[in-house]
$ cat query23.pdb   # PDB, C-alpha atoms
ATOM      1  CA  MET A   1      42.076 147.735-121.011
ATOM      2  CA  LYS A   2      44.508 146.213-123.422
ATOM      3  CA  ALA A   3      47.537 144.053-122.930
ATOM      4  CA  ARG A   4      50.128 142.719-125.274
ATOM      5  CA  VAL A   5      51.706 139.320-124.882
ATOM      6  CA  PHE A   6      55.084 138.816-126.547
ATOM      7  CA  ILE A   7      55.967 135.194-127.150
ATOM      8  CA  THR A   8      59.549 134.334-127.989
ATOM      9  CA  LEU A   9      61.502 131.129-128.365
ATOM     10  CA  LYS A  10      63.717 130.269-125.424
ATOM     11  CA  ASN A  11      67.436 130.723-125.817
ATOM     12  CA  GLY A  12      69.027 127.693-127.393
ATOM     13  CA  VAL A  13      65.816 126.554-129.094
ATOM     14  CA  LEU A  14      66.455 126.272-132.803
ATOM     15  CA  ASP A  15      64.393 128.742-134.833
ATOM     16  CA  PRO A  16      64.170 127.565-138.456
ATOM     17  CA  GLN A  17      61.807 130.430-139.305
ATOM     18  CA  GLY A  18      64.219 133.023-137.953
ATOM     19  CA  LYS A  19      67.004 131.357-139.919
ATOM     20  CA  ALA A  20      65.006 131.561-143.154
ATOM     21  CA  ILE A  21      64.260 135.247-142.548
ATOM     22  CA  HIS A  22      67.941 135.824-141.860
ATOM     23  CA  HIS A  23      68.863 134.164-145.166
ATOM     24  CA  ALA A  24      66.283 136.231-147.034
ATOM     25  CA  LEU A  25      67.624 139.461-145.514
ATOM     26  CA  GLN A  26      71.136 138.492-146.538
ATOM     27  CA  GLY A  27      69.803 137.759-150.025
ATOM     28  CA  LEU A  28      68.453 141.299-150.155
ATOM     29  CA  GLY A  29      71.916 142.608-149.390
ATOM     30  CA  PHE A  30      71.453 143.394-145.681
ATOM     31  CA  GLY A  31      74.829 142.102-144.600
ATOM     32  CA  GLY A  32      74.819 143.541-141.091
ATOM     33  CA  VAL A  33      72.270 141.146-139.593
ATOM     34  CA  ASN A  34      73.894 138.798-137.076
ATOM     35  CA  ASP A  35      70.868 136.706-136.161
ATOM     36  CA  VAL A  36      67.066 136.664-136.413
ATOM     37  CA  ARG A  37      64.582 135.186-133.973
ATOM     38  CA  ALA A  38      60.889 135.134-134.865
ATOM     39  CA  GLY A  39      58.130 135.299-132.260
ATOM     40  CA  LYS A  40      54.477 136.220-131.835
ATOM     41  CA  LEU A  41      52.585 139.230-130.583
ATOM     42  CA  ILE A  42      49.094 138.669-129.198
ATOM     43  CA  GLU A  43      46.900 141.644-128.294
ATOM     44  CA  LEU A  44      44.250 141.096-125.655
ATOM     45  CA  ASP A  45      41.299 143.401-125.071
ATOM     46  CA  LEU A  46      40.495 142.709-121.427
ATOM     47  CA  ALA A  47      37.819 143.566-118.907
ATOM     48  CA  ASP A  48      38.943 146.369-116.595
ATOM     49  CA  GLY A  49      40.549 145.055-113.455
ATOM     50  CA  THR A  50      41.921 141.880-115.010
ATOM     51  CA  LYS A  51      44.747 140.813-112.746
ATOM     52  CA  ASP A  52      48.303 140.159-113.919
ATOM     53  CA  ALA A  53      48.088 136.688-112.428
ATOM     54  CA  GLU A  54      45.136 135.897-114.677
ATOM     55  CA  ILE A  55      46.979 136.999-117.816
ATOM     56  CA  GLU A  56      49.971 134.900-116.756
ATOM     57  CA  ASP A  57      47.634 131.950-116.309
ATOM     58  CA  MET A  58      46.348 132.478-119.881
ATOM     59  CA  CYS A  59      49.937 132.443-121.128
ATOM     60  CA  ARG A  60      50.845 129.258-119.299
ATOM     61  CA  LYS A  61      47.680 127.370-120.214
ATOM     62  CA  LEU A  62      47.383 128.326-123.863
ATOM     63  CA  LEU A  63      49.154 131.323-125.355
ATOM     64  CA  ALA A  64      52.716 130.066-124.874
ATOM     65  CA  ASN A  65      54.183 126.583-124.805
ATOM     66  CA  THR A  66      56.574 126.991-121.919
ATOM     67  CA  VAL A  67      58.555 123.934-123.017
ATOM     68  CA  ILE A  68      60.001 126.021-125.836
ATOM     69  CA  GLU A  69      58.714 129.571-125.408
ATOM     70  CA  ASN A  70      58.985 132.515-123.017
ATOM     71  CA  PHE A  71      56.312 135.162-122.641
ATOM     72  CA  ARG A  72      56.304 138.775-121.571
ATOM     73  CA  ILE A  73      53.184 140.770-120.731
ATOM     74  CA  GLU A  74      52.918 144.488-121.426
ATOM     75  CA  ARG A  75      49.871 146.395-120.255
ATOM     76  CA  LEU A  76      48.721 149.277-122.416
ATOM     77  CA  GLU A  77      47.154 151.784-120.018
ATOM     78  CA  ASP A  78      43.958 153.345-121.397
ATOM     79  CA  ALA A  79      44.781 152.331-124.935
TER      80      ALA A  79
ATOM     81  CA  MET B  80      39.048  95.782-128.897
ATOM     82  CA  LYS B  81      36.727  98.741-128.367
ATOM     83  CA  SER B  82      38.525 101.666-129.904
ATOM     84  CA  ALA B  83      37.689 105.326-130.195
ATOM     85  CA  VAL B  84      39.082 107.823-132.709
ATOM     86  CA  ILE B  85      38.944 111.481-131.667
ATOM     87  CA  VAL B  86      37.833 113.909-134.376
ATOM     88  CA  PHE B  87      38.717 117.603-134.237
ATOM     89  CA  PRO B  88      37.729 120.270-136.742
ATOM     90  CA  GLY B  89      40.552 119.941-139.276
ATOM     91  CA  SER B  90      41.433 116.297-138.572
ATOM     92  CA  ASN B  91      41.968 114.559-141.897
ATOM     93  CA  CYS B  92      43.475 111.153-141.088
ATOM     94  CA  ASP B  93      40.617 110.114-138.814
ATOM     95  CA  ARG B  94      39.069 107.947-141.532
ATOM     96  CA  ASP B  95      42.411 106.307-142.425
ATOM     97  CA  LEU B  96      42.966 105.462-138.771
ATOM     98  CA  ALA B  97      39.420 104.091-138.438
ATOM     99  CA  VAL B  98      39.867 101.908-141.562
ATOM    100  CA  ALA B  99      43.185 100.543-140.276
ATOM    101  CA  LEU B 100      41.667  99.757-136.865
ATOM    102  CA  GLU B 101      38.641  98.086-138.412
ATOM    103  CA  GLN B 102      40.746  95.991-140.778
ATOM    104  CA  VAL B 103      43.039  94.750-138.059
ATOM    105  CA  THR B 104      40.650  94.424-135.111
ATOM    106  CA  GLY B 105      37.475  93.575-137.009
ATOM    107  CA  GLN B 106      35.592  96.233-135.050
ATOM    108  CA  LYS B 107      34.599  99.686-136.217
ATOM    109  CA  PRO B 108      35.949 102.330-133.841
ATOM    110  CA  ALA B 109      33.639 104.936-132.328
ATOM    111  CA  MET B 110      34.299 108.341-133.891
ATOM    112  CA  VAL B 111      34.241 110.824-131.007
ATOM    113  CA  TRP B 112      33.769 114.537-131.708
ATOM    114  CA  HIS B 113      36.047 116.909-129.792
ATOM    115  CA  ARG B 114      33.133 118.589-128.003
ATOM    116  CA  GLU B 115      32.126 115.378-126.264
ATOM    117  CA  SER B 116      33.215 115.236-122.657
ATOM    118  CA  GLU B 117      33.129 111.465-122.285
ATOM    119  CA  LEU B 118      34.434 108.483-124.189
ATOM    120  CA  PRO B 119      32.099 105.571-124.942
ATOM    121  CA  ALA B 120      31.917 103.204-121.943
ATOM    122  CA  GLY B 121      34.467 100.411-122.127
ATOM    123  CA  THR B 122      36.815 102.169-124.569
ATOM    124  CA  ASP B 123      40.075 100.235-124.427
ATOM    125  CA  PHE B 124      42.056 102.098-127.072
ATOM    126  CA  ILE B 125      42.113 105.764-128.116
ATOM    127  CA  GLY B 126      43.508 107.044-131.408
ATOM    128  CA  ILE B 127      44.263 110.706-132.013
ATOM    129  CA  PRO B 128      44.561 111.184-135.766
ATOM    130  CA  GLY B 129      46.648 113.340-138.031
ATOM    131  CA  GLY B 130      45.461 116.483-139.724
ATOM    132  CA  PHE B 131      45.432 120.173-139.010
ATOM    133  CA  SER B 132      43.193 120.520-135.976
ATOM    134  CA  TYR B 133      41.923 124.095-135.680
ATOM    135  CA  GLY B 134      43.994 124.997-138.731
ATOM    136  CA  ASP B 135      47.170 124.684-136.626
ATOM    137  CA  TYR B 136      46.261 128.098-135.176
ATOM    138  CA  LEU B 137      48.582 129.398-132.432
ATOM    139  CA  ARG B 138      50.724 126.198-132.485
ATOM    140  CA  SER B 139      50.040 122.779-133.986
ATOM    141  CA  GLY B 140      47.817 120.896-131.554
ATOM    142  CA  ALA B 141      47.538 123.778-129.050
ATOM    143  CA  MET B 142      43.805 124.393-129.418
ATOM    144  CA  ALA B 143      42.867 120.719-129.715
ATOM    145  CA  ALA B 144      44.747 119.989-126.493
ATOM    146  CA  GLN B 145      42.257 122.263-124.662
ATOM    147  CA  SER B 146      39.086 120.717-126.112
ATOM    148  CA  PRO B 147      36.612 119.005-123.730
ATOM    149  CA  ILE B 148      37.309 115.457-124.941
ATOM    150  CA  MET B 149      41.007 115.776-124.074
ATOM    151  CA  ARG B 150      40.149 115.848-120.365
ATOM    152  CA  ALA B 151      38.494 112.453-120.818
ATOM    153  CA  VAL B 152      41.486 111.222-122.856
ATOM    154  CA  ALA B 153      43.905 112.345-120.109
ATOM    155  CA  ALA B 154      41.799 110.590-117.460
ATOM    156  CA  ALA B 155      41.701 107.389-119.534
ATOM    157  CA  ALA B 156      45.471 107.567-120.113
ATOM    158  CA  GLU B 157      45.918 107.927-116.366
ATOM    159  CA  ARG B 158      43.915 104.706-115.899
ATOM    160  CA  GLY B 159      46.262 102.954-118.313
ATOM    161  CA  VAL B 160      44.125 102.941-121.483
ATOM    162  CA  PRO B 161      46.487 102.890-124.494
ATOM    163  CA  VAL B 162      46.518 106.168-126.443
ATOM    164  CA  LEU B 163      48.158 106.537-129.859
ATOM    165  CA  GLY B 164      48.699 109.972-131.363
ATOM    166  CA  VAL B 165      49.837 110.090-134.977
ATOM    167  CA  CYS B 166      51.288 113.241-136.538
ATOM    168  CA  ASN B 167      48.921 116.030-135.423
ATOM    169  CA  GLY B 168      47.845 113.547-132.724
ATOM    170  CA  PHE B 169      51.453 113.526-131.445
ATOM    171  CA  GLN B 170      51.447 117.335-131.429
ATOM    172  CA  VAL B 171      48.159 117.326-129.480
ATOM    173  CA  LEU B 172      49.588 114.900-126.895
ATOM    174  CA  THR B 173      52.657 117.066-126.268
ATOM    175  CA  GLU B 174      50.532 120.230-126.038
ATOM    176  CA  ALA B 175      48.206 118.452-123.599
ATOM    177  CA  GLY B 176      51.206 117.534-121.445
ATOM    178  CA  LEU B 177      50.648 113.780-121.886
ATOM    179  CA  LEU B 178      54.056 113.500-123.562
ATOM    180  CA  PRO B 179      57.167 115.608-122.932
ATOM    181  CA  GLY B 180      58.829 117.951-125.411
ATOM    182  CA  ALA B 181      57.456 119.860-128.373
ATOM    183  CA  LEU B 182      57.167 119.510-132.149
ATOM    184  CA  MET B 183      58.569 122.471-133.967
ATOM    185  CA  ARG B 184      58.765 123.597-137.587
ATOM    186  CA  ASN B 185      60.841 121.179-139.714
ATOM    187  CA  ALA B 186      64.466 122.262-139.746
ATOM    188  CA  GLY B 187      64.435 122.426-143.562
ATOM    189  CA  LEU B 188      61.227 124.512-143.428
ATOM    190  CA  HIS B 189      59.590 122.335-146.079
ATOM    191  CA  PHE B 190      56.529 120.177-145.659
ATOM    192  CA  VAL B 191      57.935 116.630-145.848
ATOM    193  CA  CYS B 192      55.715 114.002-147.454
ATOM    194  CA  ARG B 193      57.397 110.681-148.297
ATOM    195  CA  PRO B 194      58.054 107.184-146.991
ATOM    196  CA  VAL B 195      60.928 107.205-144.486
ATOM    197  CA  GLY B 196      63.068 104.508-142.924
ATOM    198  CA  LEU B 197      62.615 103.954-139.192
ATOM    199  CA  THR B 198      64.230 101.742-136.593
ATOM    200  CA  VAL B 199      62.043 100.142-133.948
ATOM    201  CA  GLU B 200      63.991 101.060-130.806
ATOM    202  CA  ASN B 201      61.705  99.461-128.252
ATOM    203  CA  SER B 202      59.784  96.311-129.148
ATOM    204  CA  GLN B 203      58.532  95.739-125.610
ATOM    205  CA  SER B 204      55.807  98.363-125.533
ATOM    206  CA  LEU B 205      52.044  97.863-125.836
ATOM    207  CA  PHE B 206      52.269  99.228-129.357
ATOM    208  CA  THR B 207      55.439  97.678-130.709
ATOM    209  CA  SER B 208      55.337  94.091-129.432
ATOM    210  CA  ALA B 209      54.808  92.658-132.936
ATOM    211  CA  TYR B 210      58.103  94.177-134.136
ATOM    212  CA  ASP B 211      61.597  92.955-133.395
ATOM    213  CA  SER B 212      63.926  95.267-131.525
ATOM    214  CA  GLY B 213      66.104  97.065-134.058
ATOM    215  CA  GLU B 214      63.756  96.118-136.910
ATOM    216  CA  GLU B 215      63.992  98.469-139.865
ATOM    217  CA  ILE B 216      60.656  99.511-141.286
ATOM    218  CA  VAL B 217      59.332 102.041-143.792
ATOM    219  CA  ILE B 218      56.376 104.282-142.898
ATOM    220  CA  PRO B 219      55.297 107.511-144.615
ATOM    221  CA  VAL B 220      55.481 110.923-142.990
ATOM    222  CA  ALA B 221      53.498 114.008-144.012
ATOM    223  CA  HIS B 222      54.151 117.011-141.808
ATOM    224  CA  HIS B 223      55.446 120.545-141.503
ATOM    225  CA  ASP B 224      55.968 120.562-137.742
ATOM    226  CA  GLY B 225      57.670 117.284-136.905
ATOM    227  CA  ASN B 226      60.931 118.531-135.472
ATOM    228  CA  TYR B 227      60.927 116.923-132.016
ATOM    229  CA  GLN B 228      62.732 118.971-129.369
ATOM    230  CA  ALA B 229      63.152 118.645-125.621
ATOM    231  CA  ASP B 230      65.830 119.696-123.164
ATOM    232  CA  PRO B 231      68.886 117.398-122.963
ATOM    233  CA  ALA B 232      67.862 115.994-119.552
ATOM    234  CA  THR B 233      64.466 114.949-120.950
ATOM    235  CA  LEU B 234      66.091 113.395-124.025
ATOM    236  CA  ASP B 235      68.520 111.465-121.819
ATOM    237  CA  ARG B 236      65.651 110.243-119.685
ATOM    238  CA  LEU B 237      63.619 109.140-122.723
ATOM    239  CA  GLU B 238      66.574 107.205-124.082
ATOM    240  CA  GLY B 239      67.602 105.784-120.704
ATOM    241  CA  GLU B 240      64.095 104.540-119.938
ATOM    242  CA  GLY B 241      63.556 102.956-123.348
ATOM    243  CA  ARG B 242      60.882 105.486-124.181
ATOM    244  CA  VAL B 243      62.112 106.227-127.694
ATOM    245  CA  ALA B 244      59.848 103.885-129.656
ATOM    246  CA  PHE B 245      60.962 104.812-133.186
ATOM    247  CA  ARG B 246      63.940 106.634-134.624
ATOM    248  CA  TYR B 247      64.469 107.959-138.155
ATOM    249  CA  ARG B 248      67.170 106.229-140.162
ATOM    250  CA  GLU B 249      67.604 109.300-142.335
ATOM    251  CA  GLU B 250      67.436 113.075-141.957
ATOM    252  CA  VAL B 251      63.750 114.054-142.066
ATOM    253  CA  ASN B 252      62.956 117.147-140.031
ATOM    254  CA  GLY B 253      65.809 117.983-137.672
ATOM    255  CA  SER B 254      64.385 116.083-134.679
ATOM    256  CA  ALA B 255      66.676 115.837-131.669
ATOM    257  CA  ARG B 256      68.463 112.467-131.707
ATOM    258  CA  ASP B 257      66.387 111.433-134.746
ATOM    259  CA  ILE B 258      63.385 110.755-132.553
ATOM    260  CA  ALA B 259      60.273 109.777-134.526
ATOM    261  CA  GLY B 260      58.084 108.447-131.707
ATOM    262  CA  ILE B 261      58.083 108.423-127.899
ATOM    263  CA  LEU B 262      56.244 106.752-125.029
ATOM    264  CA  ASN B 263      55.041 108.265-121.760
ATOM    265  CA  ASP B 264      56.545 107.053-118.489
ATOM    266  CA  SER B 265      53.958 104.311-117.998
ATOM    267  CA  GLY B 266      54.289 103.165-121.600
ATOM    268  CA  ASN B 267      50.602 103.434-122.502
ATOM    269  CA  VAL B 268      50.784 106.668-124.513
ATOM    270  CA  LEU B 269      52.659 106.696-127.830
ATOM    271  CA  GLY B 270      53.118 109.740-130.038
ATOM    272  CA  MET B 271      54.729 109.401-133.464
ATOM    273  CA  MET B 272      55.044 111.581-136.552
ATOM    274  CA  PRO B 273      55.031 108.750-139.154
ATOM    275  CA  HIS B 274      51.639 107.360-140.209
ATOM    276  CA  PRO B 275      51.376 103.596-139.525
ATOM    277  CA  GLU B 276      47.728 103.655-140.668
ATOM    278  CA  ARG B 277      48.967 104.460-144.180
ATOM    279  CA  MET B 278      50.996 101.238-144.423
ATOM    280  CA  ILE B 279      48.584  98.443-143.673
ATOM    281  CA  GLU B 280      47.951  96.719-147.014
ATOM    282  CA  GLN B 281      50.048  95.909-150.072
ATOM    283  CA  ALA B 282      48.212  98.541-152.123
ATOM    284  CA  HIS B 283      49.813 101.138-149.817
ATOM    285  CA  GLY B 284      53.229  99.979-150.931
ATOM    286  CA  GLY B 285      53.921  97.990-147.780
ATOM    287  CA  THR B 286      52.470  96.671-144.558
ATOM    288  CA  ASP B 287      55.023  97.829-141.988
ATOM    289  CA  GLY B 288      52.404  99.867-140.124
ATOM    290  CA  ARG B 289      50.012  96.954-139.767
ATOM    291  CA  LYS B 290      52.123  95.285-137.091
ATOM    292  CA  LEU B 291      51.596  98.215-134.760
ATOM    293  CA  PHE B 292      47.839  97.607-134.754
ATOM    294  CA  GLU B 293      48.298  93.824-134.651
ATOM    295  CA  GLY B 294      50.597  94.079-131.639
ATOM    296  CA  LEU B 295      48.174  96.433-129.944
ATOM    297  CA  LEU B 296      45.261  94.065-130.564
ATOM    298  CA  GLU B 297      47.224  91.222-129.052
ATOM    299  CA  THR B 298      48.216  93.141-125.914
ATOM    300  CA  VAL B 299      44.842  94.841-125.382
ATOM    301  CA  ALA B 300      42.442  92.028-126.271
TER     302      ALA B 300
END
$ encode --input "query23.pdb" --output "structure tokens"
Amino acid sequence: MKARVFITLKNGVLDPQGKAIHHALQGLGFGGVNDVRAGKLIELDLADGTKDAEIEDMCRKLLANTVIENFRIERLEDA
Amino acid sequence: MKSAVIVFPGSNCDRDLAVALEQVTGQKPAMVWHRESELPAGTDFIGIPGGFSYGDYLRSGAMAAQSPIMRAVAAAAERGVPVLGVCNGFQVLTEAGLLPGALMRNAGLHFVCRPVGLTVENSQSLFTSAYDSGEEIVIPVAHHDGNYQADPATLDRLEGEGRVAFRYREEVNGSARDIAGILNDSGNVLGMMPHPERMIEQAHGGTDGRKLFEGLLETVA
């Protein structure tokens, strides 16, 4: 069983990386980009039957820093 | 003073910190590998050095904060043992929850490596007693992720409780309220991005960092 964890910066947290990407896109002539936020995608290959609560625990303890980041878990059924 | 310096894979200022401690206290610190689960008996000061523990994988300091020795460091901090985290050590302390807030990528995106001007905001702490309040000092920084951020309520609390130990006197990395170093609520844990261990003898270009270790020696010993 696989799961994906999406880690994104909380609203209001400054994202210098996203800003730099935004600038680079503008430099390439993509004028229609209003804002860019950069995050992380972590793919987990898990033992069958792993509970949601356990994945959330992984996120809180290590995968995300909840001071500045949010996380979202997406299960990939039979991937 | 019986000090211990924690060494993670990727630490690279552990030796500098050990040399500074030995020069000022006259005693060689114990170098404690991250896999250890206990500190040497009688440890009365813990230093967490700069570097790139675990290659800064996931987030700076995130992996190191979960290593076995950090449980012993947290327990010692709880007992009141002074803990100093410099640079990556500061990042480790925030990731371990021993200090509030987080250190993010520098606002200018560049790695910043130069001496910077600081103001000593609190000269009453275990670590800063040898400085005068408001004293202006110069200490080098060398970091990519030194942009200190916390929510406004936390920042207000830090300022209100005198827990901002050092502030930048110039724009360095985008840190909220120019914060360069903070204390925990009991005042025995200090995290700072600048490297005091790199300013302890004239050959370094100054000795402004030396007073931190001298003050510590006086309060601990």
$ resolve_selection --input "query23.pdb" --expression "the PyMOL selection byres ((chain B) within 8 of (chain A))" --output "PyMOL selection string"
chain B and resi 137+141-142+145+174+180-181+184-188+229
$ write_last_selection --input "query23.pdb" --atoms "C-alpha atoms" --output "PDB file, in the coordinates of the input"
ATOM      1  CA  LEU B 137      48.582 129.398-132.432  1.00  0.00           C
ATOM      2  CA  ALA B 141      47.538 123.778-129.050  1.00  0.00           C
ATOM      3  CA  MET B 142      43.805 124.393-129.418  1.00  0.00           C
ATOM      4  CA  GLN B 145      42.257 122.263-124.662  1.00  0.00           C
ATOM      5  CA  GLU B 174      50.532 120.230-126.038  1.00  0.00           C
ATOM      6  CA  GLY B 180      58.829 117.951-125.411  1.00  0.00           C
ATOM      7  CA  ALA B 181      57.456 119.860-128.373  1.00  0.00           C
ATOM      8  CA  ARG B 184      58.765 123.597-137.587  1.00  0.00           C
ATOM      9  CA  ASN B 185      60.841 121.179-139.714  1.00  0.00           C
ATOM     10  CA  ALA B 186      64.466 122.262-139.746  1.00  0.00           C
ATOM     11  CA  GLY B 187      64.435 122.426-143.562  1.00  0.00           C
ATOM     12  CA  LEU B 188      61.227 124.512-143.428  1.00  0.00           C
ATOM     13  CA  ALA B 229      63.152 118.645-125.621  1.00  0.00           C
TER      14      ALA B 229
END
$ residues_around --input "query23.pdb" --residues "Ser116 of chain B" --least-positions-apart "3" --cutoff "7 Å" --atoms "all atoms listed in the file" --output "PDB file with C-alpha atoms, in the frame of the given file"
ATOM      1  CA  PRO B 147      36.612 119.005-123.730  1.00  0.00           C
ATOM      2  CA  ILE B 148      37.309 115.457-124.941  1.00  0.00           C
ATOM      3  CA  ALA B 151      38.494 112.453-120.818  1.00  0.00           C
TER       4      ALA B 151
END
$ resolve_selection --input "query23.pdb" --expression "the PyMOL selection byres ((chain A and resi 46) around 12)" --output "PyMOL selection string"
chain A and resi 1-4+43-45+47-52+54-55+58+75-79
$ resolve_selection --input "query23.pdb" --expression "the PyMOL selection byres ((chain B and resi 283) around 12)" --output "PyMOL selection string"
chain B and resi 95+99+194+217-219+274-282+284-289
$ write_last_selection --input "query23.pdb" --atoms "C-alpha atoms" --output "mmCIF file, in the coordinates of the input"
data_model
loop_
_atom_site.group_PDB
_atom_site.id
_atom_site.type_symbol
_atom_site.label_atom_id
_atom_site.label_comp_id
_atom_site.auth_asym_id
_atom_site.auth_seq_id
_atom_site.Cartn_x
_atom_site.Cartn_y
_atom_site.Cartn_z
ATOM 1 C CA ASP B 95 42.411 106.307 -142.425
ATOM 2 C CA ALA B 99 43.185 100.543 -140.276
ATOM 3 C CA PRO B 194 58.054 107.184 -146.991
ATOM 4 C CA VAL B 217 59.332 102.041 -143.792
ATOM 5 C CA ILE B 218 56.376 104.282 -142.898
ATOM 6 C CA PRO B 219 55.297 107.511 -144.615
ATOM 7 C CA HIS B 274 51.639 107.360 -140.209
ATOM 8 C CA PRO B 275 51.376 103.596 -139.525
ATOM 9 C CA GLU B 276 47.728 103.655 -140.668
ATOM 10 C CA ARG B 277 48.967 104.460 -144.180
ATOM 11 C CA MET B 278 50.996 101.238 -144.423
ATOM 12 C CA ILE B 279 48.584 98.443 -143.673
ATOM 13 C CA GLU B 280 47.951 96.719 -147.014
ATOM 14 C CA GLN B 281 50.048 95.909 -150.072
ATOM 15 C CA ALA B 282 48.212 98.541 -152.123
ATOM 16 C CA GLY B 284 53.229 99.979 -150.931
ATOM 17 C CA GLY B 285 53.921 97.990 -147.780
ATOM 18 C CA THR B 286 52.470 96.671 -144.558
ATOM 19 C CA ASP B 287 55.023 97.829 -141.988
ATOM 20 C CA GLY B 288 52.404 99.867 -140.124
ATOM 21 C CA ARG B 289 50.012 96.954 -139.767
#
$ atom_distance --input "query23.pdb" --atom1 "atom CA of Ile73 of chain A" --atom2 "atom CA of Lys10 of chain A"
15.6 Å
$ atom_distance --input "query23.pdb" --atom1 "atom CA of Val199 of chain B" --atom2 "atom CA of Met110 of chain B"
28.9 Å
$ build_atoms --input "query23.pdb" --residues "segment 36-47 of chain A" --atoms "N, CA and C atoms" --output "mmCIF file, keeping the file's coordinate frame"
data_model
loop_
_atom_site.group_PDB
_atom_site.id
_atom_site.type_symbol
_atom_site.label_atom_id
_atom_site.label_comp_id
_atom_site.auth_asym_id
_atom_site.auth_seq_id
_atom_site.Cartn_x
_atom_site.Cartn_y
_atom_site.Cartn_z
ATOM 1 N N VAL A 36 68.490 136.305 -136.437
ATOM 2 C CA VAL A 36 67.066 136.664 -136.413
ATOM 3 C C VAL A 36 66.313 135.618 -135.606
ATOM 4 N N ARG A 37 65.474 136.090 -134.699
ATOM 5 C CA ARG A 37 64.582 135.186 -133.973
ATOM 6 C C ARG A 37 63.157 135.668 -134.218
ATOM 7 N N ALA A 38 62.275 134.750 -134.601
ATOM 8 C CA ALA A 38 60.889 135.134 -134.865
ATOM 9 C C ALA A 38 60.017 134.740 -133.679
ATOM 10 N N GLY A 39 59.044 135.596 -133.353
ATOM 11 C CA GLY A 39 58.130 135.299 -132.260
ATOM 12 C C GLY A 39 56.724 135.703 -132.623
ATOM 13 N N LYS A 40 55.879 135.851 -131.605
ATOM 14 C CA LYS A 40 54.477 136.220 -131.835
ATOM 15 C C LYS A 40 54.103 137.370 -130.918
ATOM 16 N N LEU A 41 53.168 138.168 -131.405
ATOM 17 C CA LEU A 41 52.585 139.230 -130.583
ATOM 18 C C LEU A 41 51.084 138.993 -130.541
ATOM 19 N N ILE A 42 50.534 138.869 -129.339
ATOM 20 C CA ILE A 42 49.094 138.669 -129.198
ATOM 21 C C ILE A 42 48.533 139.842 -128.415
ATOM 22 N N GLU A 43 47.532 140.517 -128.989
ATOM 23 C CA GLU A 43 46.900 141.644 -128.294
ATOM 24 C C GLU A 43 45.607 141.187 -127.652
ATOM 25 N N LEU A 44 45.452 141.486 -126.383
ATOM 26 C CA LEU A 44 44.250 141.096 -125.655
ATOM 27 C C LEU A 44 43.472 142.345 -125.269
ATOM 28 N N ASP A 45 42.177 142.331 -125.554
ATOM 29 C CA ASP A 45 41.299 143.401 -125.071
ATOM 30 C C ASP A 45 40.594 142.826 -123.845
ATOM 31 N N LEU A 46 40.900 143.350 -122.677
ATOM 32 C CA LEU A 46 40.495 142.709 -121.427
ATOM 33 C C LEU A 46 39.500 143.547 -120.633
ATOM 34 N N ALA A 47 38.715 142.865 -119.832
ATOM 35 C CA ALA A 47 37.819 143.566 -118.907
ATOM 36 C C ALA A 47 38.677 144.362 -117.926
#
